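Dropping structure-v1.pdb in here (PDB, C-alpha atoms (C1' of nucleotides)):
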ATOM      1  CA  MET A   1      86.145 110.594 109.554
ATOM      2  CA  VAL A   2      84.523 111.047 106.176
ATOM      3  CA  ASP A   3      85.404 114.706 106.467
ATOM      4  CA  VAL A   4      89.041 113.787 107.068
ATOM      5  CA  ALA A   5      89.027 111.731 103.895
ATOM      6  CA  GLN A   6      87.469 114.562 101.942
ATOM      7  CA  ASP A   7      89.948 117.057 103.332
ATOM      8  CA  LEU A   8      92.839 114.952 102.092
ATOM      9  CA  LEU A   9      91.727 115.490  98.502
ATOM     10  CA  SER A  10      94.055 117.947  96.763
ATOM     11  CA  LYS A  11      96.598 117.838  99.561
ATOM     12  CA  LEU A  12     100.160 116.807  98.772
ATOM     13  CA  VAL A  13     101.994 113.640  99.674
ATOM     14  CA  VAL A  14     105.670 114.417 100.058
ATOM     15  CA  ARG A  15     108.111 111.530  99.983
ATOM     16  CA  ARG A  16     111.798 112.152 100.680
ATOM     17  CA  THR A  17     114.391 109.462 100.130
ATOM     18  CA  ALA A  18     118.133 109.884  99.908
ATOM     19  CA  GLY A  19     118.615 112.984  97.800
ATOM     20  CA  VAL A  20     115.231 112.813  96.097
ATOM     21  CA  THR A  21     111.889 114.395  96.870
ATOM     22  CA  CYS A  22     108.772 113.169  95.130
ATOM     23  CA  VAL A  23     105.434 114.921  95.469
ATOM     24  CA  GLY A  24     101.929 113.955  94.398
ATOM     25  CA  ARG A  25      98.603 115.705  94.708
ATOM     26  CA  ILE A  26      95.930 113.420  96.161
ATOM     27  CA  VAL A  27      93.035 113.027  93.727
ATOM     28  CA  GLU A  28      91.317 109.887  95.027
ATOM     29  CA  VAL A  29      90.800 108.355  98.477
ATOM     30  CA  GLU A  30      88.575 105.839 100.228
ATOM     31  CA  ALA A  31      87.406 105.824 103.847
ATOM     32  CA  TYR A  32      87.352 102.671 105.956
ATOM     33  CA  LEU A  33      85.279 102.916 109.089
ATOM     34  CA  ALA A  34      86.442 100.572 111.826
ATOM     35  CA  ALA A  35      83.669  98.628 113.549
ATOM     36  CA  HIS A  36      80.763  99.748 111.365
ATOM     37  CA  ASP A  37      82.351  98.745 108.087
ATOM     38  CA  SER A  38      82.649  95.099 107.070
ATOM     39  CA  ALA A  39      85.113  96.047 104.330
ATOM     40  CA  CYS A  40      87.574  97.488 106.831
ATOM     41  CA  HIS A  41      90.631  95.392 107.652
ATOM     42  CA  ALA A  42      89.998  96.040 111.318
ATOM     43  CA  TYR A  43      86.368  94.915 111.231
ATOM     44  CA  ARG A  44      87.070  91.584 112.900
ATOM     45  CA  GLY A  45      89.317  92.945 115.570
ATOM     46  CA  ARG A  46      92.931  93.683 116.165
ATOM     47  CA  THR A  47      95.685  91.503 114.701
ATOM     48  CA  ARG A  48      99.390  91.958 114.172
ATOM     49  CA  LYS A  49      98.823  93.000 110.590
ATOM     50  CA  ASN A  50      96.269  95.738 111.306
ATOM     51  CA  ARG A  51      97.661  96.958 114.603
ATOM     52  CA  THR A  52      98.713 100.290 113.118
ATOM     53  CA  MET A  53      95.074 101.136 112.448
ATOM     54  CA  PHE A  54      94.301 100.739 116.128
ATOM     55  CA  GLY A  55      97.098 103.080 117.105
ATOM     56  CA  SER A  56      97.236 106.843 117.206
ATOM     57  CA  PRO A  57      96.072 109.044 114.316
ATOM     58  CA  GLY A  58      98.549 110.581 111.931
ATOM     59  CA  LYS A  59     100.332 107.303 111.328
ATOM     60  CA  LEU A  60     100.885 105.583 108.012
ATOM     61  CA  TYR A  61      99.227 102.176 107.648
ATOM     62  CA  VAL A  62     100.844 100.109 104.901
ATOM     63  CA  TYR A  63      99.459  96.691 104.009
ATOM     64  CA  PRO A  64     100.351  94.103 101.379
ATOM     65  CA  ILE A  65      97.910  93.046  98.682
ATOM     66  CA  HIS A  66      98.356  91.099  95.444
ATOM     67  CA  ALA A  67     102.129  91.200  95.698
ATOM     68  CA  ARG A  68     102.103  94.972  96.129
ATOM     69  CA  TYR A  69     101.563  97.554  98.869
ATOM     70  CA  CYS A  70      98.949 100.195  99.561
ATOM     71  CA  MET A  71      99.050 103.096 101.984
ATOM     72  CA  ASN A  72      96.543 104.650 104.365
ATOM     73  CA  ALA A  73      96.482 107.491 106.839
ATOM     74  CA  VAL A  74      95.158 106.519 110.267
ATOM     75  CA  THR A  75      92.577 109.093 111.253
ATOM     76  CA  GLN A  76      90.906 108.341 114.570
ATOM     77  CA  PRO A  77      91.952 108.197 118.237
ATOM     78  CA  VAL A  78      93.672 105.151 119.695
ATOM     79  CA  GLY A  79      91.333 102.159 119.639
ATOM     80  CA  VAL A  80      89.158 103.398 116.743
ATOM     81  CA  ALA A  81      90.592 101.627 113.726
ATOM     82  CA  SER A  82      89.571 103.899 110.863
ATOM     83  CA  ALA A  83      91.817 104.902 108.005
ATOM     84  CA  VAL A  84      91.865 106.645 104.643
ATOM     85  CA  LEU A  85      93.271 104.700 101.697
ATOM     86  CA  ILE A  86      95.100 106.924  99.245
ATOM     87  CA  ARG A  87      94.189 105.532  95.841
ATOM     88  CA  ALA A  88      95.724 107.953  93.377
ATOM     89  CA  VAL A  89      97.900 111.036  93.162
ATOM     90  CA  GLU A  90      98.723 113.442  90.362
ATOM     91  CA  PRO A  91     102.512 113.508  89.949
ATOM     92  CA  VAL A  92     103.822 116.953  90.880
ATOM     93  CA  ALA A  93     107.559 116.613  91.506
ATOM     94  CA  GLY A  94     110.252 113.992  91.167
ATOM     95  CA  LEU A  95     108.701 112.634  87.995
ATOM     96  CA  SER A  96     111.898 111.162  86.572
ATOM     97  CA  THR A  97     112.445 109.142  89.745
ATOM     98  CA  MET A  98     108.842 108.011  89.674
ATOM     99  CA  ARG A  99     109.265 106.897  86.067
ATOM    100  CA  GLU A 100     112.325 104.869  86.997
ATOM    101  CA  ARG A 101     110.605 103.194  89.912
ATOM    102  CA  ARG A 102     107.524 102.400  87.873
ATOM    103  CA  GLY A 103     109.380 101.333  84.790
ATOM    104  CA  THR A 104     107.217 103.370  82.474
ATOM    105  CA  ASP A 105     107.177 106.779  80.827
ATOM    106  CA  ARG A 106     103.420 107.014  80.748
ATOM    107  CA  LEU A 107     102.479 109.891  83.024
ATOM    108  CA  LEU A 108      99.028 108.498  83.660
ATOM    109  CA  ASP A 109     100.411 105.184  84.847
ATOM    110  CA  LEU A 110     102.857 106.603  87.383
ATOM    111  CA  ALA A 111     100.584 106.892  90.395
ATOM    112  CA  ARG A 112      97.039 106.066  89.289
ATOM    113  CA  GLY A 113      96.111 103.263  91.661
ATOM    114  CA  PRO A 114      96.986 102.531  95.282
ATOM    115  CA  ALA A 115      99.795 100.064  94.580
ATOM    116  CA  ARG A 116     101.175 102.091  91.703
ATOM    117  CA  LEU A 117     101.539 105.191  93.816
ATOM    118  CA  CYS A 118     103.289 103.238  96.551
ATOM    119  CA  GLN A 119     105.760 101.932  94.005
ATOM    120  CA  ALA A 120     106.275 105.407  92.547
ATOM    121  CA  LEU A 121     106.902 106.839  96.022
ATOM    122  CA  GLN A 122     108.921 103.851  97.208
ATOM    123  CA  VAL A 123     106.601 102.996 100.058
ATOM    124  CA  ASP A 124     106.586  99.472 101.449
ATOM    125  CA  ARG A 125     105.873  97.763 104.713
ATOM    126  CA  ARG A 126     108.960  99.125 106.362
ATOM    127  CA  LEU A 127     107.066 102.425 106.551
ATOM    128  CA  ASP A 128     104.066 100.872 108.296
ATOM    129  CA  GLY A 129     103.496 102.851 111.481
ATOM    130  CA  TRP A 130     105.534 105.841 110.363
ATOM    131  CA  ASP A 131     104.470 109.140 111.955
ATOM    132  CA  LEU A 132     103.197 111.410 109.175
ATOM    133  CA  THR A 133     103.354 114.453 111.422
ATOM    134  CA  ARG A 134     107.079 114.102 111.849
ATOM    135  CA  GLY A 135     107.896 115.906 108.633
ATOM    136  CA  ALA A 136     110.521 113.395 107.562
ATOM    137  CA  ARG A 137     110.593 110.560 105.025
ATOM    138  CA  ILE A 138     106.894 110.938 104.186
ATOM    139  CA  TRP A 139     104.269 113.449 105.191
ATOM    140  CA  ILE A 140     101.172 115.335 104.070
ATOM    141  CA  ALA A 141     101.348 118.979 103.082
ATOM    142  CA  GLY A 142      98.625 121.459 102.266
ATOM    143  CA  ASP A 143      98.838 124.234  99.764
ATOM    144  CA  ALA A 144      96.805 127.136  98.484
ATOM    145  CA  THR A 145      94.868 125.132  95.944
ATOM    146  CA  PRO A 146      91.148 125.828  96.254
ATOM    147  CA  SER A 147      88.914 122.887  97.123
ATOM    148  CA  PRO A 148      88.177 120.941  93.980
ATOM    149  CA  ARG A 149      84.768 119.685  93.012
ATOM    150  CA  MET A 150      84.461 116.294  94.585
ATOM    151  CA  ARG A 151      82.618 113.162  93.517
ATOM    152  CA  LEU A 152      81.482 110.121  95.485
ATOM    153  CA  SER A 153      81.100 106.463  94.557
ATOM    154  CA  PRO A 154      81.227 102.999  96.078
ATOM    155  CA  ARG A 155      84.714 101.775  96.876
ATOM    156  CA  ILE A 156      86.721  99.782  94.370
ATOM    157  CA  GLY A 157      87.654  96.157  94.824
ATOM    158  CA  VAL A 158      85.868  95.546  98.100
ATOM    159  CA  THR A 159      83.596  92.531  98.346
ATOM    160  CA  SER A 160      81.421  93.650 101.232
ATOM    161  CA  ASN A 161      79.510  96.766 102.160
ATOM    162  CA  GLN A 162      79.448  97.820  98.514
ATOM    163  CA  SER A 163      76.483 100.080  99.043
ATOM    164  CA  ALA A 164      78.542 102.563 101.045
ATOM    165  CA  ARG A 165      79.701 105.531  99.001
ATOM    166  CA  LEU A 166      83.049 106.034 100.664
ATOM    167  CA  ARG A 167      85.236 106.661  97.631
ATOM    168  CA  PHE A 168      85.975 110.325  97.010
ATOM    169  CA  PHE A 169      87.725 111.715  93.972
ATOM    170  CA  VAL A 170      88.437 114.964  92.191
ATOM    171  CA  ASP A 171      85.938 115.609  89.450
ATOM    172  CA  ARG A 172      87.338 115.185  85.927
ATOM    173  CA  SER A 173      90.879 114.449  87.067
ATOM    174  CA  PRO A 174      92.613 112.145  84.568
ATOM    175  CA  TYR A 175      94.801 110.867  87.390
ATOM    176  CA  VAL A 176      91.920 109.070  89.112
ATOM    177  CA  SER A 177      91.963 105.269  88.979
ATOM    178  CA  GLY A 178      88.975 103.173  88.100
ATOM    179  CA  PRO A 179      85.616 104.439  86.890
ATOM    180  CA  ARG A 180      85.098 108.193  86.949
ATOM    181  CA  ARG A 181      81.358 107.967  86.986
ATOM    182  CA  PHE A 182      79.869 108.999  90.268
ATOM    183  CA  HIS A 183      76.851 107.881  92.217
ATOM    184  CA  SER A 184      76.105 110.925  94.252
ATOM    185  CA  GLN A 185      76.442 114.586  94.984
ATOM    186  CA  ASP A 186      79.408 116.886  94.976
ATOM    187  CA  ARG A 187      80.715 118.868  97.904
TER     188      ARG A 187
ATOM    189  C1'  DA B   1     105.315  73.104 105.179
ATOM    190  C1'  DA B   2     101.672  73.887 102.200
ATOM    191  C1'  DA B   3      97.674  76.326 100.704
ATOM    192  C1'  DA B   4      94.741  80.117 100.235
ATOM    193  C1'  DC B   5      93.889  84.908 100.052
ATOM    194  C1'  DG B   6      93.507  89.489  98.301
ATOM    195  C1'  DA B   7      91.266  97.556  99.556
ATOM    196  C1'  DT B   8      95.740  95.141  92.369
ATOM    197  C1'  DC B   9      98.160  95.475  87.852
ATOM    198  C1'  DT B  10      99.137  94.577  83.120
ATOM    199  C1'  DA B  11      98.337  93.224  78.691
ATOM    200  C1'  DC B  12      95.331  92.228  75.507
ATOM    201  C1'  DT B  13      90.733  92.407  72.751
TER     202       DT B  13
ATOM    203  C1'  DG C   1      86.121  95.716  79.732
ATOM    204  C1'  DT C   2      88.405  91.565  81.496
ATOM    205  C1'  DA C   3      91.286  87.232  82.071
ATOM    206  C1'  DG C   4      95.432  85.901  83.973
ATOM    207  C1'  DA C   5      99.616  86.969  86.627
ATOM    208  C1'  DT C   6     101.499  87.983  90.886
ATOM    209  C1'  DC C   7     103.812  86.983  95.651
ATOM    210  C1'  DG C   8     104.035  88.655 100.510
ATOM    211  C1'  DT C   9     101.474  87.389 104.237
ATOM    212  C1'  DT C  10      98.283  84.836 106.893
ATOM    213  C1'  DT C  11      95.968  80.637 107.848
ATOM    214  C1'  DT C  12      95.692  75.899 108.108
ATOM    215  C1'  DG C  13      97.289  71.022 108.566
TER     216       DG C  13
END

Using the file provided, produce a representation of the structure as structure tokens.
Amino acid sequence: MVDVAQDLLSKLVVRRTAGVTCVGRIVEVEAYLAAHDSACHAYRGRTRKNRTMFGSPGKLYVYPIHARYCMNAVTQPVGVASAVLIRAVEPVAGLSTMRERRGTDRLLDLARGPARLCQALQVDRRLDGWDLTRGARIWIAGDATPSPRMRLSPRIGVTSNQSARLRFFVDRSPYVSGPRRFHSQDR
DNA sequence: AAAACGATCTACT
DNA sequence: GTAGATCGTTTTG
């Protein structure tokens, strides 16, 4: 699970909408660990809102927060409600479209933050439950980029289980949201 | 039907 | 660094 989160770092999120393809390199993620993690949306059991997390792996879990949306990849077998929150990507392609959607020209503000990147990639709740392995609309792609140096820290914005270091981010990337200080070892 | 709640963002010192 | 805005969704009466 943690290894899945770490493996997502430096992979690409590809988002295809009518006539436009936007791509971002993942530079920051957080892991949420089902039953053992009081900060996980699924901690208190299955509901309509978190049902995607309880489903099969490889699905997109989109949830609303503070009038915005954030996206996760479901990672574990059916019934184990773990997911990886994608917190920030480095814009790689489709930048002009991302600027339009975000309403800013500032490169660093395009996709630095979980709700910002959803806005830049035009992801909302209609994509909740989408199959990321389908290779359409939105999916994850690898590339030949060598594994970056990775840092760990507590997760951002959670009010419980703050001692867990389940935030992973690319060392020295300017596209990481929140504090870039780290509390632990690299990979 | 009303109120409360955020895994946040923006603008401003 | 932080106060205030924000609004879709869930929870409560």

Quiz prompt | Picked residues, the PyMOL selection byres ((chain A) within 9 of (chain C)), expected as a PyMOL selection string | solution = chain A and resi 49+64-68

Check which residues of chain B sit at most 10 Å from chain A using all atoms listed in the file, and return one row each with the closest pair of atoms and their distance in Å to one decimal, ordered by chain and rising number, as JSON lines.
{"residue": "B:DC5", "atom": "C1'", "partner": "A:His66", "partner_atom": "CA", "distance": 8.9}
{"residue": "B:DG6", "atom": "C1'", "partner": "A:Ile65", "partner_atom": "CA", "distance": 5.7}
{"residue": "B:DA7", "atom": "C1'", "partner": "A:Val158", "partner_atom": "CA", "distance": 5.9}
{"residue": "B:DT8", "atom": "C1'", "partner": "A:His66", "partner_atom": "CA", "distance": 5.7}
{"residue": "B:DC9", "atom": "C1'", "partner": "A:Arg116", "partner_atom": "CA", "distance": 8.2}

Quiz item: Do you know which residues are at most 9 Å from Val176 (chain A) counting only C-alpha atoms (C1' of nucleotides), after dropping those on the same chain fewer than 6 positions away, and could you put them as a ChimeraX atom specification?
Solution: /A:27-28,87-90,108,112-113,169-170

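You will find CA of Pro91 (chain A) at 12.3 Å from CA of Asp105 (chain A).
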
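The space between CA of Arg106 (chain A) and CA of Gly142 (chain A) spans 26.4 Å.
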
Exercise. Could you check which of A:Thr21, A:Thr104, A:Ser10, A:Ser173 is closest to DT10 (chain B), using all atoms listed in the file?
Key: A:Thr104

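Once the PyMOL selection byres ((chain A and resi 31) around 7) is applied to the shown structure, the selection contains Val2, Ala5, Val29, Glu30, Tyr32, Leu33, Ala83, Val84, Leu85, Leu166 and Arg167 of chain A.
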
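For the atom pair formed by CA of Arg16 (chain A) and CA of Met98 (chain A), the distance is 12.1 Å, given to one decimal.
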
Take the PyMOL selection byres ((chain A and resi 43) around 12), run it mentally on this structure, and tell me the resulting residues as an mmCIF file with C-alpha atoms, keeping the file's coordinate frame.
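Here's the written file out32.cif:
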data_model
loop_
_atom_site.group_PDB
_atom_site.id
_atom_site.type_symbol
_atom_site.label_atom_id
_atom_site.label_comp_id
_atom_site.auth_asym_id
_atom_site.auth_seq_id
_atom_site.Cartn_x
_atom_site.Cartn_y
_atom_site.Cartn_z
ATOM 1 C CA TYR A 32 87.352 102.671 105.956
ATOM 2 C CA LEU A 33 85.279 102.916 109.089
ATOM 3 C CA ALA A 34 86.442 100.572 111.826
ATOM 4 C CA ALA A 35 83.669 98.628 113.549
ATOM 5 C CA HIS A 36 80.763 99.748 111.365
ATOM 6 C CA ASP A 37 82.351 98.745 108.087
ATOM 7 C CA SER A 38 82.649 95.099 107.070
ATOM 8 C CA ALA A 39 85.113 96.047 104.330
ATOM 9 C CA CYS A 40 87.574 97.488 106.831
ATOM 10 C CA HIS A 41 90.631 95.392 107.652
ATOM 11 C CA ALA A 42 89.998 96.040 111.318
ATOM 12 C CA ARG A 44 87.070 91.584 112.900
ATOM 13 C CA GLY A 45 89.317 92.945 115.570
ATOM 14 C CA ARG A 46 92.931 93.683 116.165
ATOM 15 C CA THR A 47 95.685 91.503 114.701
ATOM 16 C CA ASN A 50 96.269 95.738 111.306
ATOM 17 C CA ARG A 51 97.661 96.958 114.603
ATOM 18 C CA MET A 53 95.074 101.136 112.448
ATOM 19 C CA PHE A 54 94.301 100.739 116.128
ATOM 20 C CA VAL A 80 89.158 103.398 116.743
ATOM 21 C CA ALA A 81 90.592 101.627 113.726
ATOM 22 C CA SER A 82 89.571 103.899 110.863
ATOM 23 C CA ALA A 83 91.817 104.902 108.005
ATOM 24 C CA SER A 160 81.421 93.650 101.232
ATOM 25 C CA ASN A 161 79.510 96.766 102.160
#

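When all atoms listed in the file are used to measure the gap to Leu8 (chain A), the shortest distance among A:Trp139, A:Phe182, A:Tyr175, A:Tyr61 belongs to A:Trp139.
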
Quiz prompt | Test item: residues at most 7 Å from Arg15 (chain A), only C-alpha atoms (C1' of nucleotides), excluding those fewer than 3 positions along its chain, as an MDAnalysis selection string | solution = chainID A and resid 21:23 121 137:139

Will you model all heavy atoms for region 33-44 of chain A and pass it back as a tab-separated table (two decimals), keeping the file's coordinate frame?
chain	number	residue	atom	x	y	z
A	33	LEU	N	85.86	102.46	107.83
A	33	LEU	CA	85.28	102.92	109.09
A	33	LEU	C	85.22	101.86	110.19
A	33	LEU	O	84.14	101.49	110.65
A	33	LEU	CB	83.86	103.44	108.82
A	33	LEU	CG	83.72	104.49	107.72
A	33	LEU	CD1	82.27	104.89	107.54
A	33	LEU	CD2	84.57	105.70	108.04
A	34	ALA	N	86.34	101.39	110.62
A	34	ALA	CA	86.44	100.57	111.83
A	34	ALA	C	85.28	99.59	111.99
A	34	ALA	O	84.96	98.81	111.10
A	34	ALA	CB	86.57	101.46	113.05
A	35	ALA	N	84.62	99.66	113.13
A	35	ALA	CA	83.67	98.63	113.55
A	35	ALA	C	82.39	98.59	112.72
A	35	ALA	O	81.71	97.57	112.66
A	35	ALA	CB	83.34	98.82	115.03
A	36	HIS	N	82.04	99.70	112.08
A	36	HIS	CA	80.76	99.75	111.36
A	36	HIS	C	80.90	99.33	109.91
A	36	HIS	O	79.94	99.40	109.16
A	36	HIS	CB	80.18	101.16	111.45
A	36	HIS	CG	79.80	101.56	112.82
A	36	HIS	ND1	78.78	100.96	113.53
A	36	HIS	CD2	80.33	102.48	113.66
A	36	HIS	CE1	78.69	101.51	114.72
A	36	HIS	NE2	79.62	102.42	114.83
A	37	ASP	N	82.07	98.91	109.50
A	37	ASP	CA	82.35	98.74	108.09
A	37	ASP	C	82.97	97.37	107.83
A	37	ASP	O	84.14	97.12	108.13
A	37	ASP	CB	83.33	99.86	107.67
A	37	ASP	CG	83.68	99.80	106.20
A	37	ASP	OD1	83.11	98.96	105.48
A	37	ASP	OD2	84.54	100.59	105.78
A	38	SER	N	82.18	96.47	107.25
A	38	SER	CA	82.65	95.10	107.07
A	38	SER	C	83.79	95.00	106.05
A	38	SER	O	84.44	93.97	105.96
A	38	SER	CB	81.49	94.20	106.64
A	38	SER	OG	80.92	94.68	105.43
A	39	ALA	N	84.01	96.07	105.29
A	39	ALA	CA	85.11	96.05	104.33
A	39	ALA	C	86.43	96.49	104.95
A	39	ALA	O	87.48	96.37	104.33
A	39	ALA	CB	84.79	96.95	103.14
A	40	CYS	N	86.37	96.98	106.17
A	40	CYS	CA	87.57	97.49	106.83
A	40	CYS	C	88.43	96.34	107.36
A	40	CYS	O	87.91	95.37	107.91
A	40	CYS	CB	87.17	98.41	107.97
A	40	CYS	SG	88.55	99.16	108.86
A	41	HIS	N	89.73	96.45	107.17
A	41	HIS	CA	90.63	95.39	107.65
A	41	HIS	C	90.49	95.15	109.15
A	41	HIS	O	90.79	94.07	109.63
A	41	HIS	CB	92.08	95.76	107.35
A	41	HIS	CG	92.43	95.63	105.90
A	41	HIS	ND1	93.55	96.18	105.35
A	41	HIS	CD2	91.78	94.99	104.90
A	41	HIS	CE1	93.60	95.89	104.05
A	41	HIS	NE2	92.53	95.18	103.77
A	42	ALA	N	90.06	96.15	109.86
A	42	ALA	CA	90.00	96.04	111.32
A	42	ALA	C	88.63	95.56	111.80
A	42	ALA	O	88.39	95.44	112.99
A	42	ALA	CB	90.31	97.39	111.96
A	43	TYR	N	87.76	95.25	110.87
A	43	TYR	CA	86.37	94.92	111.23
A	43	TYR	C	86.28	93.75	112.20
A	43	TYR	O	85.46	93.73	113.10
A	43	TYR	CB	85.60	94.59	109.95
A	43	TYR	CG	84.14	94.28	110.16
A	43	TYR	CD1	83.26	95.26	110.63
A	43	TYR	CD2	83.62	93.02	109.87
A	43	TYR	CE1	81.91	94.98	110.80
A	43	TYR	CE2	82.28	92.74	110.03
A	43	TYR	CZ	81.43	93.72	110.51
A	43	TYR	OH	80.10	93.46	110.67
A	44	ARG	N	87.14	92.76	112.03
A	44	ARG	CA	87.07	91.58	112.90
A	44	ARG	C	88.07	91.63	114.04
A	44	ARG	O	88.49	90.59	114.55
A	44	ARG	CB	87.28	90.31	112.07
A	44	ARG	CG	86.07	89.97	111.24
A	44	ARG	CD	86.32	88.86	110.25
A	44	ARG	NE	85.19	88.71	109.34
A	44	ARG	CZ	84.97	89.47	108.30
A	44	ARG	NH1	85.80	90.44	107.99
A	44	ARG	NH2	83.90	89.27	107.54
